[in-house]
Each structure stands twice: as C-alpha cells, then as structure tokens.
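For reference, model01.txt is printed below; it contains compact mmCIF, C-alpha atoms.
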# COMPACT_ATOMS: atom_id res chain seq x y z
CA MET J 69 12.43 19.64 13.12
CA GLN J 70 9.04 18.01 13.48
CA ARG J 71 8.14 15.77 16.39
CA ILE J 72 5.89 13.56 14.21
CA LYS J 73 6.82 12.40 10.72
CA LYS J 74 5.31 10.22 7.99
CA GLY J 75 5.68 6.52 8.83
CA ASP J 76 5.77 7.03 12.62
CA LYS J 77 3.65 4.89 14.92
CA VAL J 78 1.49 7.25 17.01
CA MET J 79 -1.24 7.04 19.66
CA VAL J 80 -4.26 9.36 19.97
CA THR J 81 -4.18 10.98 23.42
CA ALA J 82 -7.29 13.20 23.37
CA GLY J 83 -10.95 12.93 22.43
CA ARG J 84 -13.69 10.43 23.21
CA LYS J 85 -12.65 7.02 24.48
CA GLU J 86 -12.60 4.10 22.08
CA ALA J 87 -15.39 2.36 24.02
CA ASP J 88 -17.64 5.41 23.44
CA GLY J 89 -17.04 5.36 19.68
CA GLY J 90 -14.07 7.75 19.72
CA ASP J 91 -10.44 7.42 18.78
CA LYS J 92 -8.64 8.02 22.12
CA GLY J 93 -6.16 5.20 22.74
CA LYS J 94 -5.99 4.04 19.11
CA VAL J 95 -2.57 3.38 17.59
CA GLY J 96 -1.83 3.83 13.90
CA GLU J 97 0.80 4.76 11.34
CA VAL J 98 1.07 8.33 10.05
CA LEU J 99 0.16 8.42 6.35
CA ARG J 100 0.56 12.15 5.69
CA VAL J 101 1.66 15.26 7.61
CA ASP J 102 0.69 18.88 6.91
CA PRO J 103 2.96 21.09 9.08
CA SER J 104 1.39 24.37 7.89
CA LYS J 105 -2.00 23.30 9.33
CA ASN J 106 -0.44 21.27 12.18
CA GLN J 107 -2.40 18.18 11.09
CA ALA J 108 -1.64 14.55 10.32
CA VAL J 109 -3.61 11.72 8.72
CA VAL J 110 -3.33 8.48 10.73
CA GLN J 111 -4.33 5.05 9.46
CA GLY J 112 -7.59 3.88 11.08
CA VAL J 113 -8.15 7.11 13.04
CA ASN J 114 -10.89 9.73 12.43
CA VAL J 115 -12.53 7.61 9.71
CA ARG J 116 -15.49 9.22 7.96
CA THR J 117 -17.87 7.93 5.28
CA LYS J 118 -18.01 9.77 1.97
CA HIS J 119 -20.84 9.31 -0.50
CA GLN J 120 -19.63 9.25 -4.11
CA LYS J 121 -21.68 9.93 -7.20
CA PRO J 122 -21.42 7.43 -10.05
CA SER J 123 -18.60 8.33 -12.46
CA MET J 124 -16.58 6.77 -15.27
CA THR J 125 -14.02 5.34 -12.85
CA ASN J 126 -16.63 4.27 -10.29
CA PRO J 127 -19.84 3.47 -12.24
CA GLN J 128 -21.71 2.16 -9.18
CA GLY J 129 -20.98 5.12 -6.94
CA GLY J 130 -21.36 4.17 -3.30
CA ILE J 131 -20.04 4.86 0.17
CA VAL J 132 -16.28 5.08 0.79
CA LYS J 133 -14.51 5.16 4.16
CA GLN J 134 -11.78 7.80 4.35
CA GLU J 135 -9.30 8.92 7.04
CA MET J 136 -9.50 12.62 7.85
CA PRO J 137 -6.76 14.82 9.38
CA VAL J 138 -6.19 15.00 13.15
CA ASN J 139 -4.53 17.87 14.99
CA MET J 140 -0.95 16.88 15.91
CA SER J 141 -1.42 18.14 19.48
CA LYS J 142 -3.66 15.08 20.02
CA LEU J 143 -0.97 12.62 18.87
CA MET J 144 2.09 11.21 20.63
CA PRO J 145 4.76 8.97 19.10
CA VAL J 146 4.93 5.42 20.46
CA ASP J 147 8.24 4.47 22.09
CA PRO J 148 9.75 1.47 20.24
CA ALA J 149 11.14 0.03 23.49
CA THR J 150 8.08 0.24 25.77
CA GLN J 151 5.22 0.51 23.20
CA LYS J 152 3.79 3.43 25.21
CA PRO J 153 3.29 7.07 24.16
CA THR J 154 6.36 9.19 24.79
CA ARG J 155 7.64 12.72 24.57
CA VAL J 156 10.32 13.49 22.02
CA LYS J 157 13.69 15.21 22.49
CA ILE J 158 15.85 16.44 19.62
CA LYS J 159 19.55 15.70 19.91
CA VAL J 160 22.37 17.00 17.70
CA LEU J 161 24.93 14.31 16.95
CA ALA J 162 28.68 14.91 16.62
CA ASP J 163 28.44 15.11 12.82
CA GLY J 164 25.78 17.86 13.07
CA THR J 165 22.70 15.82 12.15
CA LYS J 166 19.57 16.11 14.27
CA VAL J 167 17.78 12.97 15.49
CA ARG J 168 14.61 12.42 17.51
CA ILE J 169 15.06 10.61 20.82
CA ALA J 170 12.28 9.06 22.96
CA LYS J 171 12.33 9.61 26.73
CA SER J 172 13.61 6.04 27.21
CA GLY J 173 16.69 6.90 25.11
CA GLU J 174 15.61 4.98 22.00
CA GLN J 175 16.24 6.73 18.70
CA LEU J 176 13.04 7.28 16.67
CA ASP J 177 14.82 8.12 13.40
CA LYS J 178 16.32 5.25 11.49
Please rewrite the model in this file as structure tokens.
Amino acid sequence: MQRIKKGDKVMVTAGRKEADGGDKGKVGEVLRVDPSKNQAVVQGVNVRTKHQKPSMTNPQGGIVKQEMPVNMSKLMPVDPATQKPTRVKIKVLADGTKVRIAKSGEQLDK
C-alpha cells in the first residue's frame, strides 16, 4: 500500500526554502502518482516553463507553465487534524481492509 495517493494534501519537506525560490514548505494536492519511478506530481510545486511551437490547436504558440514530478521521499502527507506534515501507519481493520492512519490517529483514507 502506498503512503501517498492521488488527491492527498502533501507538504514538500526537502529542497530550497520558499523564500529562496524553492518549494520547501509548500502545500499542494497530488495530481498524479507514478509508483514505478517513486514520483508524484503536486499542484503548484516544481513548476517549469515550457516553450511551445505554434500548432493547429495552439496557433500562437507561447510559454506554458507545467508541474513536473517530485520524488516521493521529499513529500509528507498533511495531517487533517493538525494541518502539519505527518508520518503514516497502515492499519488492518477487522474486515481485512487496509487504511492509512496519521500519527495523531486520524484516518487519511475516506
């Protein structure tokens, strides 16, 4: 079971500080997860500019901002109770289903 899933609210815990132009401390929602590469795309984090050539769909061309993947070791889920980054435990319920639990005891899975 993965610690971070699509739709989770996560915080960046490593890298340059936000004041220095980095992403450390930013909070965003996970848009996509790639477990084989251990990467996730987070909204508003690791944004790069991409220059596009003019095409039929985009006749002007131009510069587009795009989120790039971040290694999941640099991300921590945000605890819904305290709004702080937290570690995740996996608990097996009585009916056999696995759920993710924050350190405060809040359930991360809905």
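Checking J:Gln175, J:Thr81, J:Thr154, J:Thr165 one by one against Val113 (chain J), counting all atoms listed in the file, you find the shortest gap at J:Thr81.
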Extract, using only C-alpha atoms, all DNA, RNA and protein residues at most 8 Å from Val101 (chain J), discarding same-chain residues fewer than 6 positions from it, and format them as an MDAnalysis selection string.
chainID J and resid 73:74 107:109
Near region 88-92 of chain J, counting only C-alpha atoms, which residues have an atom at most 9 Å away, once you skip same-chain residues fewer than 6 positions from it, shown as a VMD selection string?
chain J and resid 79 to 82 112 to 114 142
Return the single residue from J:Lys152, J:Lys178, J:Lys171, J:Arg71 that is closest to Pro103 (chain J), with distances computed using only C-alpha atoms.
J:Arg71
